[in-house]
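File shown: protein31.txt (compact mmCIF, C-alpha atoms and all ligand atoms).
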# COMPACT_ATOMS: atom_id res chain seq x y z
CA MET A 15 12.45 19.30 23.03
CA VAL A 16 14.54 19.04 19.87
CA LEU A 17 16.12 22.25 18.69
CA PRO A 18 15.83 22.85 14.96
CA VAL A 19 19.11 22.33 13.17
CA ALA A 20 19.80 24.85 10.43
CA LEU A 21 20.23 23.57 6.90
CA PRO A 22 23.94 23.65 6.01
CA PRO A 23 24.26 26.34 3.29
CA GLU A 24 26.05 24.04 0.84
CA TYR A 25 22.74 22.21 0.24
CA LEU A 26 21.25 25.42 -1.19
CA SER A 27 23.79 25.53 -3.97
CA LEU A 28 23.11 21.99 -5.21
CA CYS A 29 21.38 21.82 -8.60
CA PRO A 30 18.19 19.70 -9.00
CA PRO A 31 19.90 16.77 -10.83
CA GLU A 32 22.52 16.58 -8.06
CA LEU A 33 19.82 16.72 -5.36
CA ASP A 34 17.92 14.02 -7.22
CA ARG A 35 20.98 11.79 -7.38
CA ARG A 36 21.79 12.23 -3.69
CA ILE A 37 18.18 11.82 -2.49
CA GLY A 38 17.89 8.64 -4.57
CA ALA A 39 21.18 7.30 -3.13
CA ALA A 40 20.14 8.05 0.48
CA LYS A 41 16.73 6.45 -0.08
CA ARG A 42 18.30 3.32 -1.52
CA ALA A 43 20.78 3.13 1.35
CA LEU A 44 17.97 3.34 3.92
CA GLY A 45 15.74 0.82 2.08
CA GLU A 46 12.84 -0.49 4.16
CA ARG A 47 14.03 1.34 7.23
CA LEU A 48 12.52 4.49 5.71
CA VAL A 49 8.98 5.53 4.73
CA ILE A 50 8.32 8.94 3.18
CA LEU A 51 4.79 10.31 3.56
CA GLY A 52 3.69 13.30 1.46
CA HIS A 53 0.62 15.53 1.74
CA HIS A 54 -1.22 16.46 -1.47
CA TYR A 55 -0.25 20.12 -0.99
CA GLN A 56 3.42 19.34 -1.50
CA HIS A 57 5.06 20.22 -4.81
CA ASP A 58 5.45 17.39 -7.34
CA GLU A 59 9.24 17.62 -7.05
CA ILE A 60 8.83 16.42 -3.43
CA LEU A 61 5.94 13.98 -3.94
CA ARG A 62 7.92 11.98 -6.49
CA TYR A 63 9.99 10.67 -3.57
CA ALA A 64 6.99 9.85 -1.36
CA ASP A 65 6.18 6.20 -0.74
CA PHE A 66 2.61 7.23 0.10
CA THR A 67 0.63 10.40 -0.58
CA GLY A 68 -2.65 11.41 1.00
CA ASP A 69 -4.74 13.96 2.81
CA SER A 70 -4.47 14.45 6.57
CA LEU A 71 -6.73 11.50 7.38
CA LYS A 72 -5.09 9.03 5.04
CA LEU A 73 -1.61 10.02 6.20
CA SER A 74 -2.63 9.62 9.87
CA GLN A 75 -3.88 6.13 9.10
CA LEU A 76 -0.75 5.29 7.13
CA ALA A 77 1.48 6.58 9.91
CA ALA A 78 -0.33 4.30 12.38
CA GLN A 79 0.28 1.30 10.08
CA GLN A 80 4.05 1.72 9.60
CA SER A 81 5.25 -1.03 11.92
CA ARG A 82 8.35 -2.02 9.88
CA ALA A 83 9.97 1.34 9.15
CA GLU A 84 12.43 2.84 11.61
CA PHE A 85 12.07 6.36 10.18
CA ILE A 86 9.01 8.22 8.90
CA VAL A 87 10.01 11.32 6.96
CA PHE A 88 6.95 13.57 6.81
CA CYS A 89 6.63 15.94 3.87
CA GLY A 90 3.87 18.13 5.24
CA VAL A 91 3.51 20.51 8.17
CA HIS A 92 4.34 20.18 11.86
CA PHE A 93 0.93 19.02 13.18
CA MET A 94 0.96 16.14 10.67
CA ALA A 95 4.38 14.97 11.86
CA GLU A 96 3.21 15.25 15.48
CA SER A 97 0.16 13.10 14.69
CA ALA A 98 2.43 10.52 13.05
CA ASP A 99 4.62 10.45 16.16
CA ILE A 100 1.60 10.14 18.47
CA LEU A 101 0.06 7.34 16.40
CA SER A 102 3.30 5.41 16.00
CA GLY A 103 3.68 5.41 19.78
CA GLY A 104 7.07 7.08 19.60
CA THR A 105 8.55 3.80 18.39
CA ARG A 106 9.60 5.22 15.01
CA ALA A 107 11.53 8.45 14.55
CA VAL A 108 9.31 10.96 12.72
CA ILE A 109 11.31 13.58 10.86
CA LEU A 110 10.05 16.88 9.48
CA PRO A 111 12.77 18.01 7.05
CA ASP A 112 12.22 21.66 8.03
CA LEU A 113 10.91 22.13 11.58
CA SER A 114 9.72 25.64 10.76
CA ALA A 115 6.98 24.21 8.50
CA GLY A 116 4.15 24.98 10.94
CA CYS A 117 0.46 25.55 10.11
CA PRO A 118 -0.67 29.01 11.32
CA MET A 119 -4.19 27.73 11.98
CA ALA A 120 -2.83 25.03 14.30
CA GLU A 121 -1.27 27.79 16.39
CA MET A 122 -4.59 29.64 16.79
CA ALA A 123 -5.81 27.27 19.52
CA GLU A 124 -3.35 27.21 22.40
CA ALA A 125 -3.83 24.49 24.98
CA ASP A 126 -4.43 26.87 27.90
CA ASP A 127 -7.06 28.77 25.92
CA VAL A 128 -8.80 25.52 24.97
CA GLN A 129 -8.96 24.47 28.62
CA THR A 130 -10.29 27.91 29.59
CA ALA A 131 -12.93 27.67 26.87
CA LEU A 132 -14.09 24.26 28.12
CA ASP A 133 -14.35 25.58 31.69
CA GLU A 134 -16.16 28.76 30.67
CA LEU A 135 -18.60 26.97 28.39
CA ALA A 136 -19.37 24.31 31.02
CA ALA A 137 -20.30 27.11 33.43
CA LEU A 138 -22.58 28.78 30.86
CA ALA A 139 -24.16 25.73 29.25
CA GLY A 140 -26.76 24.94 31.94
CA GLY A 141 -25.77 21.28 32.39
CA ALA A 142 -25.29 20.47 28.70
CA ALA A 143 -22.19 18.45 27.82
CA ILE A 144 -19.50 20.23 25.84
CA VAL A 145 -17.67 17.75 23.59
CA PRO A 146 -14.49 19.16 22.05
CA ILE A 147 -13.86 18.15 18.45
CA THR A 148 -10.41 19.16 17.39
CA TYR A 149 -9.40 19.34 13.76
CA VAL A 150 -6.10 17.54 13.26
CA ASN A 151 -4.72 20.93 12.18
CA SER A 152 -3.90 21.64 15.83
CA ALA A 153 -1.09 21.28 18.33
CA ALA A 154 -0.62 17.95 20.15
CA SER A 155 -1.38 19.75 23.44
CA ALA A 156 -4.83 20.79 22.17
CA LYS A 157 -5.45 17.20 21.06
CA ALA A 158 -4.44 16.00 24.54
CA ILE A 159 -7.05 18.23 26.22
CA THR A 160 -9.59 16.90 23.72
CA GLY A 161 -8.78 13.30 24.60
CA ARG A 162 -9.01 14.02 28.33
CA ALA A 163 -12.33 15.83 27.94
CA GLY A 164 -14.03 12.93 26.12
CA GLY A 165 -13.71 14.46 22.65
CA ALA A 166 -12.14 13.35 19.39
CA CYS A 167 -10.10 14.65 16.51
CA CYS A 168 -11.45 15.04 12.99
CA THR A 169 -10.12 15.85 9.55
CA SER A 170 -11.90 17.52 6.69
CA SER A 171 -12.64 14.02 5.30
CA ASN A 172 -14.55 12.81 8.34
CA CYS A 173 -15.74 15.91 10.21
CA ARG A 174 -19.42 15.12 9.72
CA ALA A 175 -19.09 11.54 11.01
CA VAL A 176 -17.18 12.77 14.06
CA PHE A 177 -19.74 15.52 14.76
CA GLU A 178 -22.54 12.94 14.50
CA TRP A 179 -20.72 10.71 16.96
CA ALA A 180 -20.16 13.64 19.35
CA LEU A 181 -23.86 14.48 19.44
CA THR A 182 -24.64 10.96 20.66
CA GLN A 183 -22.43 11.35 23.75
CA LYS A 184 -24.24 11.28 27.10
CA PRO A 185 -23.55 14.13 29.50
CA ALA A 186 -22.53 13.11 33.01
CA THR A 187 -24.90 15.81 34.29
CA GLY A 188 -27.93 13.74 33.28
CA SER A 189 -29.01 16.46 30.84
CA THR A 190 -29.79 15.25 27.31
CA ASP A 191 -28.25 18.30 25.70
CA VAL A 192 -24.86 18.00 23.94
CA LYS A 193 -22.88 20.80 22.34
CA ILE A 194 -19.75 20.60 20.24
CA LEU A 195 -16.81 22.90 20.76
CA ALA A 196 -15.18 22.75 17.30
CA LEU A 197 -11.63 23.99 17.00
CA PRO A 198 -9.60 25.59 15.57
CA ASP A 199 -11.26 26.03 12.13
CA GLN A 200 -14.59 27.84 12.29
CA HIS A 201 -15.21 27.41 8.54
CA LEU A 202 -14.93 23.61 8.42
CA ALA A 203 -17.19 23.39 11.46
CA ARG A 204 -19.82 25.79 10.09
CA ALA A 205 -19.93 24.08 6.69
CA THR A 206 -20.29 20.69 8.39
CA ALA A 207 -23.09 21.91 10.68
CA LEU A 208 -24.97 23.14 7.62
CA ASP A 209 -24.34 19.83 5.79
CA MET A 210 -25.99 18.11 8.78
CA GLY A 211 -29.13 20.22 8.35
CA TYR A 212 -28.43 22.76 11.10
CA GLY A 213 -28.68 26.50 10.47
CA LEU A 214 -26.34 29.39 11.08
CA ASP A 215 -28.39 30.17 14.22
CA ASP A 216 -27.20 26.88 15.68
CA CYS A 217 -23.59 28.09 15.53
CA ALA A 218 -21.94 30.58 17.92
CA LEU A 219 -18.44 31.99 17.47
CA TYR A 220 -16.08 31.68 20.47
CA ARG A 221 -13.34 34.36 20.43
CA PRO A 222 -10.54 33.07 22.68
CA ARG A 223 -9.21 36.54 23.49
CA LEU A 224 -12.52 37.68 25.06
CA PRO A 225 -13.99 36.66 28.47
CA ASN A 226 -16.37 33.74 27.88
CA GLY A 227 -15.31 33.92 24.25
CA GLY A 228 -17.54 36.99 23.91
CA LEU A 229 -20.65 34.82 24.39
CA THR A 230 -23.58 35.16 26.77
CA ALA A 231 -25.14 32.20 28.56
CA ALA A 232 -28.21 32.53 26.31
CA GLN A 233 -26.06 32.32 23.18
CA VAL A 234 -24.24 29.24 24.47
CA ARG A 235 -27.50 27.54 25.45
CA GLN A 236 -29.06 28.20 22.05
CA ALA A 237 -26.07 26.92 20.04
CA THR A 238 -25.34 23.30 19.17
CA PHE A 239 -21.97 24.18 17.64
CA ILE A 240 -19.56 26.54 19.33
CA LEU A 241 -16.94 27.47 16.78
CA TRP A 242 -13.42 28.55 17.65
CA ASP A 243 -12.40 31.76 15.90
CA GLY A 244 -9.67 30.19 13.77
CA TRP A 245 -9.13 30.00 10.00
CA CYS A 246 -6.76 29.01 7.23
CA CYS A 247 -5.11 32.01 5.60
CA VAL A 248 -4.81 30.11 2.29
CA HIS A 249 -8.44 29.01 1.91
CA GLN A 250 -9.89 32.18 3.35
CA GLU A 251 -8.59 34.03 0.28
CA PHE A 252 -11.11 32.38 -2.07
CA THR A 253 -14.16 34.55 -2.78
CA VAL A 254 -17.68 34.41 -4.13
CA GLU A 255 -16.63 36.91 -6.84
CA GLN A 256 -14.02 34.45 -8.10
CA ILE A 257 -16.74 31.80 -8.39
CA ALA A 258 -18.99 34.19 -10.33
CA GLY A 259 -16.02 35.09 -12.57
CA ARG A 260 -15.24 31.43 -13.40
CA ARG A 261 -18.92 30.72 -14.13
CA ARG A 262 -19.07 33.74 -16.49
CA GLU A 263 -15.88 32.69 -18.32
CA HIS A 264 -16.79 28.99 -18.51
CA PRO A 265 -20.56 28.37 -18.41
CA GLY A 266 -21.38 25.00 -16.90
CA ILE A 267 -18.12 24.76 -14.95
CA CYS A 268 -18.31 22.75 -11.71
CA VAL A 269 -16.89 24.66 -8.74
CA ILE A 270 -15.42 22.51 -5.96
CA VAL A 271 -13.81 23.99 -2.83
CA HIS A 272 -12.20 22.82 0.38
CA PRO A 273 -14.45 23.33 3.46
CA GLU A 274 -11.81 25.59 5.02
CA CYS A 275 -13.19 28.27 2.66
CA GLU A 276 -15.66 30.78 4.11
CA ILE A 277 -19.27 29.62 4.27
CA SER A 278 -20.38 32.07 1.55
CA VAL A 279 -17.83 30.46 -0.79
CA VAL A 280 -18.84 26.92 0.21
CA GLN A 281 -22.49 27.83 -0.38
CA ALA A 282 -21.79 29.38 -3.78
CA ALA A 283 -19.75 26.32 -4.92
CA ASP A 284 -21.33 23.19 -6.43
CA LEU A 285 -19.35 20.80 -4.23
CA HIS A 286 -17.05 20.92 -1.24
CA GLY A 287 -14.74 18.32 0.22
CA SER A 288 -11.36 17.43 1.64
CA THR A 289 -8.35 17.19 -0.61
CA GLU A 290 -8.88 13.45 -1.08
CA GLN A 291 -12.55 14.05 -1.95
CA ILE A 292 -11.64 16.81 -4.43
CA ILE A 293 -9.17 14.46 -6.15
CA ALA A 294 -11.82 11.72 -6.37
CA ALA A 295 -14.49 14.10 -7.73
CA VAL A 296 -12.30 15.46 -10.53
CA ALA A 297 -11.09 11.93 -11.39
CA ALA A 298 -14.72 10.78 -11.66
CA GLY A 299 -15.56 13.66 -14.03
CA SER A 300 -16.05 12.86 -17.70
CA PRO A 301 -13.66 13.90 -20.49
CA GLY A 302 -14.49 17.48 -21.49
CA SER A 303 -15.84 18.37 -18.04
CA GLN A 304 -14.80 21.70 -16.52
CA TRP A 305 -13.65 22.28 -12.96
CA ALA A 306 -12.73 25.32 -10.90
CA VAL A 307 -10.95 24.13 -7.77
CA GLY A 308 -10.59 26.21 -4.60
CA THR A 309 -7.72 24.70 -2.68
CA GLU A 310 -3.91 24.73 -2.47
CA ILE A 311 -2.30 25.48 -5.82
CA ASN A 312 0.11 22.51 -5.94
CA LEU A 313 -2.84 20.14 -5.82
CA VAL A 314 -4.81 22.12 -8.42
CA ASN A 315 -1.81 22.20 -10.79
CA ARG A 316 -1.38 18.44 -10.36
CA LEU A 317 -5.04 17.83 -11.20
CA THR A 318 -4.68 20.04 -14.29
CA ARG A 319 -1.71 17.97 -15.48
CA LEU A 320 -3.27 14.61 -14.61
CA HIS A 321 -6.54 15.31 -16.41
CA ALA A 322 -5.48 16.86 -19.70
CA ASP A 323 -8.83 15.81 -21.26
CA ARG A 324 -10.71 18.08 -18.81
CA ARG A 325 -10.44 21.78 -18.08
CA VAL A 326 -9.19 22.02 -14.48
CA LEU A 327 -8.60 25.60 -13.31
CA ASN A 328 -7.55 27.24 -10.10
CA LEU A 329 -10.56 29.09 -8.69
CA ALA A 330 -8.40 32.20 -8.22
CA ASP A 331 -6.27 33.76 -10.96
CA ALA A 332 -3.34 33.85 -8.54
CA GLY A 333 -2.50 32.71 -4.99
CA GLY A 334 -3.65 29.62 -3.16
CA LYS A 335 -0.12 28.72 -2.10
CA CYS A 336 0.54 27.37 1.39
CA ALA A 337 3.90 28.96 2.20
CA MET A 338 4.33 26.58 5.14
CA MET A 339 4.02 23.44 3.05
CA ALA A 340 6.63 24.97 0.72
CA HIS A 341 9.22 24.91 3.52
CA ILE A 342 9.75 21.26 2.64
CA ASP A 343 11.99 21.58 -0.38
CA LEU A 344 14.59 19.37 -2.07
CA PRO A 345 17.61 20.71 -0.13
CA HIS A 346 15.90 20.00 3.24
CA LEU A 347 14.75 16.56 2.10
CA CYS A 348 18.22 15.68 0.82
CA TRP A 349 19.88 16.87 4.01
CA ALA A 350 17.44 14.99 6.29
CA LEU A 351 17.83 11.73 4.32
CA GLU A 352 21.61 11.92 4.08
CA ASN A 353 21.82 12.42 7.83
CA LEU A 354 19.59 9.40 8.44
CA ALA A 355 21.71 7.32 6.08
CA ALA A 356 24.80 8.42 8.05
CA GLY A 357 23.14 7.37 11.33
CA ARG A 358 22.17 10.85 12.54
CA VAL A 359 18.52 11.73 13.21
CA VAL A 360 17.89 15.43 12.53
CA ASN A 361 14.66 17.40 13.02
CA ARG A 362 12.83 14.64 14.83
CA VAL A 363 9.32 15.57 15.98
CA GLN A 364 8.66 13.97 19.33
CA VAL A 365 5.61 14.58 21.47
CA ALA A 366 6.22 14.43 25.24
CA GLU A 367 4.76 11.30 26.86
CA PRO A 368 2.01 12.86 29.04
CA ILE A 369 0.68 14.78 26.02
CA ARG A 370 1.00 11.78 23.72
CA ARG A 371 -0.93 9.54 26.12
CA ASP A 372 -4.02 11.81 26.03
CA ALA A 373 -3.72 13.01 22.43
CA VAL A 374 -3.68 9.44 21.12
CA ILE A 375 -7.13 8.89 22.67
CA ALA A 376 -8.58 11.70 20.55
CA LEU A 377 -6.81 10.56 17.37
CA GLU A 378 -7.70 6.88 17.81
CA ARG A 379 -11.35 7.72 18.50
CA MET A 380 -11.38 9.45 15.13
CA ILE A 381 -9.66 6.60 13.30
CA ARG A 382 -12.03 4.02 14.85
CA LEU A 383 -15.16 5.77 13.60
CA LYS A 384 -16.42 3.56 10.79
CA GLY A 385 -17.36 5.16 7.48
CA ALA A 386 -15.67 8.29 8.68
CA ALA A 387 -13.95 9.04 5.39
CA ASP A 388 -16.79 9.15 2.88
CA ALA A 389 -14.99 9.67 -0.42
CA SER A 390 -17.69 11.78 -2.05
CA PRO A 391 -17.74 15.55 -1.62
CA ALA A 392 -20.86 17.22 -0.20
CA LYS A 393 -23.27 19.13 -2.43
CA ARG A 394 -24.75 22.49 -1.65
P1 LIG B 1 -6.99 17.80 4.34
O1 LIG B 1 -7.64 17.34 5.61
O2 LIG B 1 -7.96 17.90 3.23
O3 LIG B 1 -5.76 17.04 4.05
O4 LIG B 1 -6.54 19.31 4.58
C1 LIG B 1 -5.39 19.61 5.27
C2 LIG B 1 -5.12 21.02 5.23
O5 LIG B 1 -4.19 21.49 5.80
C3 LIG B 1 -6.04 21.85 4.51
O6 LIG B 1 -5.63 23.16 4.58
FE1 LIG B 2 -2.45 25.21 7.48
FE2 LIG B 2 -3.97 26.29 5.59
FE3 LIG B 2 -1.50 25.49 5.00
FE4 LIG B 2 -3.46 23.72 5.50
S1 LIG B 2 -3.32 25.14 3.79
S2 LIG B 2 -1.38 23.64 6.29
S3 LIG B 2 -4.61 24.79 7.13
S4 LIG B 2 -2.08 27.13 6.42

When written as structure tokens, how does the structure in this file appear?
Ligand code: 13P
Ligand code: SF4
Amino acid sequence: MVLPVALPPEYLSLCPPELDRRIGAAKRALGERLVILGHHYQHDEILRYADFTGDSLKLSQLAAQQSRAEFIVFCGVHFMAESADILSGGTRAVILPDLSAGCPMAEMAEADDVQTALDELAALAGGAAIVPITYVNSAASAKAITGRAGGACCTSSNCRAVFEWALTQKPATGSTDVKILALPDQHLARATALDMGYGLDDCALYRPRLPNGGLTAAQVRQATFILWDGWCCVHQEFTVEQIAGRRREHPGICVIVHPECEISVVQAADLHGSTEQIIAAVAAGSPGSQWAVGTEINLVNRLTRLHADRRVLNLADAGGKCAMMAHIDLPHLCWALENLAAGRVVNRVQVAEPIRRDAVIALERMIRLKGAADASPAKR
């Protein structure tokens, strides 16, 4: 376990041009030994230093492909850096410039609780197989249980393809019935189940703090999707009223939201999709088209700037900021890179070998699924 090292205070007093000069110098000194990956929710002032940008899926794939670099500096949150470490086999040092950049949703599914859920559901399911599908927004230990239990990871880009794969798995019990335990985000799972033609009655909510998740055997047997009671505090803030407001202000506007929004919001929107799918949809819009986008504000602001010939608005008048993504700022990036250039690795994210060995199974199953990242958002 690597203890977080505090940012030396002198970095906080550096002005942006000085930070820019020093980050540029450290990057040049490290050359091809360094790759910087940046998630779309990062601020532009960080993404301008990224060698590659992407959503969770694309960044996982890119991390797996970095065979030349010695260091991967991840501008994102902790679970993304863990995935990069797992997929690079621990052979490259993965650095998260601020180790306190953790996703609250990832912490909603603790490994022990996931194992308990699998045991409880197996006892209630009447011989049906329970296949865990774990959103990459999760701890490495939850991914490891998933790999061991015959499940896979998913991202918001490929959740449907992974669910479809899961439902083809054959239970060892000889029963033909398969159920998905989807964790930790209930909203992504519910929206995906509905996209696949299932109804709300096919979904049951598992509350990890209650015995048997608060479910009866009858409820488990009726459900195809058992949804972990987890959520994203950023996307859960978007509302149906905001959609109605944008439609009133701008008749004809196309509303597109991330599937981490509540199902009522997803249903009221015109389109929903992962960050990569949202970017593609707005880019494919015609000049003069209007968009209200329900996702993290840094991405929405970037789309507004990139497409000056369209009206691209945040769905909400205010908010939509992921405070955890914002932990990665210029002082932390500068400090991490200067240490690397001086031969010191700070804030390395390293997954312990027994966890890595099982978690990689779940991540690689996801990456192997062909056609998993359909670039077009789903319609309601
Ligand atoms: P993507 O899978 O769209 O990158 O989403 C990641 C995320 O954290 C959304 O809140
Ligand atoms: Fe986690 Fe939500 Fe932030 Fe994504 S936007 S990193 S799910 S808190």

For chain A versus ligand LIG 1 (chain B), which residues have an atom no more than 10 Å away, and what is each residue's nearest atom pair and distance in Å rounded to one decimal, using all atoms listed in the file, chain-then-number order, as a tab-separated table?
residue	atom	partner	partner_atom	distance
A:His53	CA	B:LIG1	O3	7.0
A:His54	CA	B:LIG1	O3	7.2
A:Tyr55	CA	B:LIG1	C2	8.0
A:Gly68	CA	B:LIG1	O3	7.1
A:Asp69	CA	B:LIG1	O3	3.5
A:Ser70	CA	B:LIG1	O3	3.8
A:Leu71	CA	B:LIG1	O1	6.2
A:Lys72	CA	B:LIG1	O3	8.1
A:Leu73	CA	B:LIG1	O3	8.4
A:Ser74	CA	B:LIG1	O3	9.9
A:Gly90	CA	B:LIG1	O5	8.8
A:Val91	CA	B:LIG1	O5	8.1
A:Phe93	CA	B:LIG1	O5	9.3
A:Met94	CA	B:LIG1	O5	8.9
A:Cys117	CA	B:LIG1	O5	7.5
A:Pro118	CA	B:LIG1	O5	10.0
A:Met119	CA	B:LIG1	O5	8.8
A:Ala120	CA	B:LIG1	O5	9.3
A:Tyr149	CA	B:LIG1	O1	8.6
A:Val150	CA	B:LIG1	O1	7.8
A:Asn151	CA	B:LIG1	O5	6.4
A:Cys168	CA	B:LIG1	O1	8.6
A:Thr169	CA	B:LIG1	O1	4.9
A:Ser170	CA	B:LIG1	O1	4.4
A:Ser171	CA	B:LIG1	O1	6.0
A:Asn172	CA	B:LIG1	O1	8.7
A:Cys173	CA	B:LIG1	O1	9.4
A:Asp199	CA	B:LIG1	O6	9.8
A:Leu202	CA	B:LIG1	C3	9.9
A:Trp245	CA	B:LIG1	O6	9.4
A:Cys246	CA	B:LIG1	O6	6.5
A:Cys247	CA	B:LIG1	O6	8.9
A:Val248	CA	B:LIG1	O6	7.4
A:His249	CA	B:LIG1	O6	7.0
A:His272	CA	B:LIG1	O2	7.1
A:Pro273	CA	B:LIG1	O2	8.5
A:Glu274	CA	B:LIG1	O6	6.7
A:Cys275	CA	B:LIG1	O6	9.3
A:Gly287	CA	B:LIG1	O2	7.4
A:Ser288	CA	B:LIG1	O2	3.8
A:Thr289	CA	B:LIG1	O2	3.9
A:Glu290	CA	B:LIG1	O2	6.3
A:Gln291	CA	B:LIG1	O2	7.9
A:Ile292	CA	B:LIG1	O2	8.6
A:Thr309	CA	B:LIG1	O6	7.7
A:Glu310	CA	B:LIG1	O6	7.4
A:Cys336	CA	B:LIG1	O6	8.1
A:Met338	CA	B:LIG1	O5	9.9
A:Met339	CA	B:LIG1	O5	8.9

Nearest to ligand LIG 2 (chain B): which of A:Ala154, A:Ala340, A:Ala64, A:Ile144 is it, counting only C-alpha atoms and all ligand atoms?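 Looking at the shortest contact to ligand LIG 2 (chain B), the residue is A:Ala340.
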
Expected axis-aligned box over every listed atom of ligand LIG 2 (chain B), 3 Å added per side, centre plus edges in Å to one decimal, as JSON:
{"center_x": -3.0, "center_y": 25.4, "center_z": 5.6, "size_x": 9.2, "size_y": 9.5, "size_z": 9.7}

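The space between atom CA of Phe85 of chain A and atom CA of Ala107 of chain A spans 4.9 Å.
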
Nearest candidate to ligand LIG 2 (chain B) (options A:Ala376, A:Ala337, A:Ala298, A:Ala283; using all atoms listed in the file):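 Of all the options, A:Ala337 lies closest to ligand LIG 2 (chain B).
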
Could you name the residues that touch Glu178 of chain A at 12 Å or less, counting all atoms listed in the file, but leaving out those on the same chain fewer than 2 positions away, as a count of residues only? 29

Please identify all polymer residues within 8 Å of segment 232-235 of chain A, counting only C-alpha atoms, omitting same-chain residues fewer than 6 positions from it, and present them as a ChimeraX atom specification. /A:135,138-140,218

Which residue, A:Met122, A:Ala131, A:Ala322, A:Ile37, has the smallest gap to Leu224 of chain A when you use all atoms listed in the file?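 Smallest separation from Leu224 of chain A among the options: A:Ala131.
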
Which one is closest to ligand LIG 2 (chain B): A:Ala350, A:Ile159, A:Ala153, A:Ile381? Count only C-alpha atoms and all ligand atoms.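 Residue with the minimum atom-to-atom distance to ligand LIG 2 (chain B): A:Ala153.
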
What gap, in Å, lies between atom CA of Ala306 of chain A and atom CA of Ala203 of chain A?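 Between atom CA of Ala306 of chain A and atom CA of Ala203 of chain A the gap works out to 22.9 Å.
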
Could you check which residues have any atom within 10 Å of (-8.0, 25.0, 25.7), counting all atoms listed in the file with coordinates taken straight from the file, and then list them as a count of residues only? 20

Atom CA of Asn328 of chain A and atom CA of Val307 of chain A are how many Å apart? 5.2 Å

Counting only C-alpha atoms and all ligand atoms, the option among A:Ala95, A:Ala78, A:Leu61, A:Ala163 closest to ligand LIG 2 (chain B):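 Nearest to ligand LIG 2 (chain B): A:Ala95.
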
Have a look at A:Ile86, A:Leu219, A:Ile311, A:Ala258 and name the one nearest to ligand LIG 2 (chain B); count all atoms listed in the file.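 Answer, going by the shortest atom-to-atom distance: A:Ile311.
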
At a cut-off of 10 Å, using all atoms listed in the file, what residues contact Val279 of chain A? Leave out same-chain residues fewer than 6 positions from it and give the result as a ChimeraX atom specification. /A:249-257,269-273,286,308

File dump, residues just selected, C-alpha atoms, as a CSV table (one decimal), keeping the file's coordinate frame:
chain,number,residue,atom,x,y,z
A,249,HIS,CA,-8.4,29.0,1.9
A,250,GLN,CA,-9.9,32.2,3.4
A,251,GLU,CA,-8.6,34.0,0.3
A,252,PHE,CA,-11.1,32.4,-2.1
A,253,THR,CA,-14.2,34.6,-2.8
A,254,VAL,CA,-17.7,34.4,-4.1
A,255,GLU,CA,-16.6,36.9,-6.8
A,256,GLN,CA,-14.0,34.4,-8.1
A,257,ILE,CA,-16.7,31.8,-8.4
A,269,VAL,CA,-16.9,24.7,-8.7
A,270,ILE,CA,-15.4,22.5,-6.0
A,271,VAL,CA,-13.8,24.0,-2.8
A,272,HIS,CA,-12.2,22.8,0.4
A,273,PRO,CA,-14.4,23.3,3.5
A,286,HIS,CA,-17.0,20.9,-1.2
A,308,GLY,CA,-10.6,26.2,-4.6

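Neighbours of segment 262-267 of chain A closer than or equal to 6 Å, with only C-alpha atoms counted and sequence neighbours fewer than 2 positions away skipped, come out as A:Gly259, A:Arg260, A:Gln304, A:Trp305.
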
Export C-alpha atoms of the chosen residues as a compact mmCIF listing (two decimals), in the coordinates of the input?
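After the write, result_17.txt holds the following:
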# COMPACT_ATOMS: atom_id res chain seq x y z
CA GLY A 259 -16.02 35.09 -12.57
CA ARG A 260 -15.24 31.43 -13.40
CA GLN A 304 -14.80 21.70 -16.52
CA TRP A 305 -13.65 22.28 -12.96

Complete segment 145-152 of chain A at the level of N, CA and C atoms, written as a PDB file, in the coordinates of the input.
ATOM      1  N   VAL A 145     -18.612  18.740  24.132  1.00  0.00           N
ATOM      2  CA  VAL A 145     -17.670  17.750  23.590  1.00  0.00           C
ATOM      3  C   VAL A 145     -16.714  18.471  22.639  1.00  0.00           C
ATOM      4  N   PRO A 146     -15.423  18.507  22.970  1.00  0.00           N
ATOM      5  CA  PRO A 146     -14.490  19.160  22.050  1.00  0.00           C
ATOM      6  C   PRO A 146     -14.176  18.266  20.850  1.00  0.00           C
ATOM      7  N   ILE A 147     -14.272  18.843  19.676  1.00  0.00           N
ATOM      8  CA  ILE A 147     -13.860  18.150  18.450  1.00  0.00           C
ATOM      9  C   ILE A 147     -12.762  18.986  17.822  1.00  0.00           C
ATOM     10  N   THR A 148     -11.600  18.404  17.771  1.00  0.00           N
ATOM     11  CA  THR A 148     -10.410  19.160  17.390  1.00  0.00           C
ATOM     12  C   THR A 148      -9.894  18.680  16.041  1.00  0.00           C
ATOM     13  N   TYR A 149      -9.927  19.589  15.103  1.00  0.00           N
ATOM     14  CA  TYR A 149      -9.400  19.340  13.760  1.00  0.00           C
ATOM     15  C   TYR A 149      -7.937  18.922  13.919  1.00  0.00           C
ATOM     16  N   VAL A 150      -7.494  17.976  13.107  1.00  0.00           N
ATOM     17  CA  VAL A 150      -6.100  17.540  13.260  1.00  0.00           C
ATOM     18  C   VAL A 150      -5.124  18.696  13.044  1.00  0.00           C
ATOM     19  N   ASN A 151      -5.556  19.733  12.359  1.00  0.00           N
ATOM     20  CA  ASN A 151      -4.720  20.930  12.180  1.00  0.00           C
ATOM     21  C   ASN A 151      -4.652  21.676  13.508  1.00  0.00           C
ATOM     22  N   SER A 152      -3.960  21.086  14.466  1.00  0.00           N
ATOM     23  CA  SER A 152      -3.900  21.640  15.830  1.00  0.00           C
ATOM     24  C   SER A 152      -2.656  21.092  16.506  1.00  0.00           C
TER      25      SER A 152
END
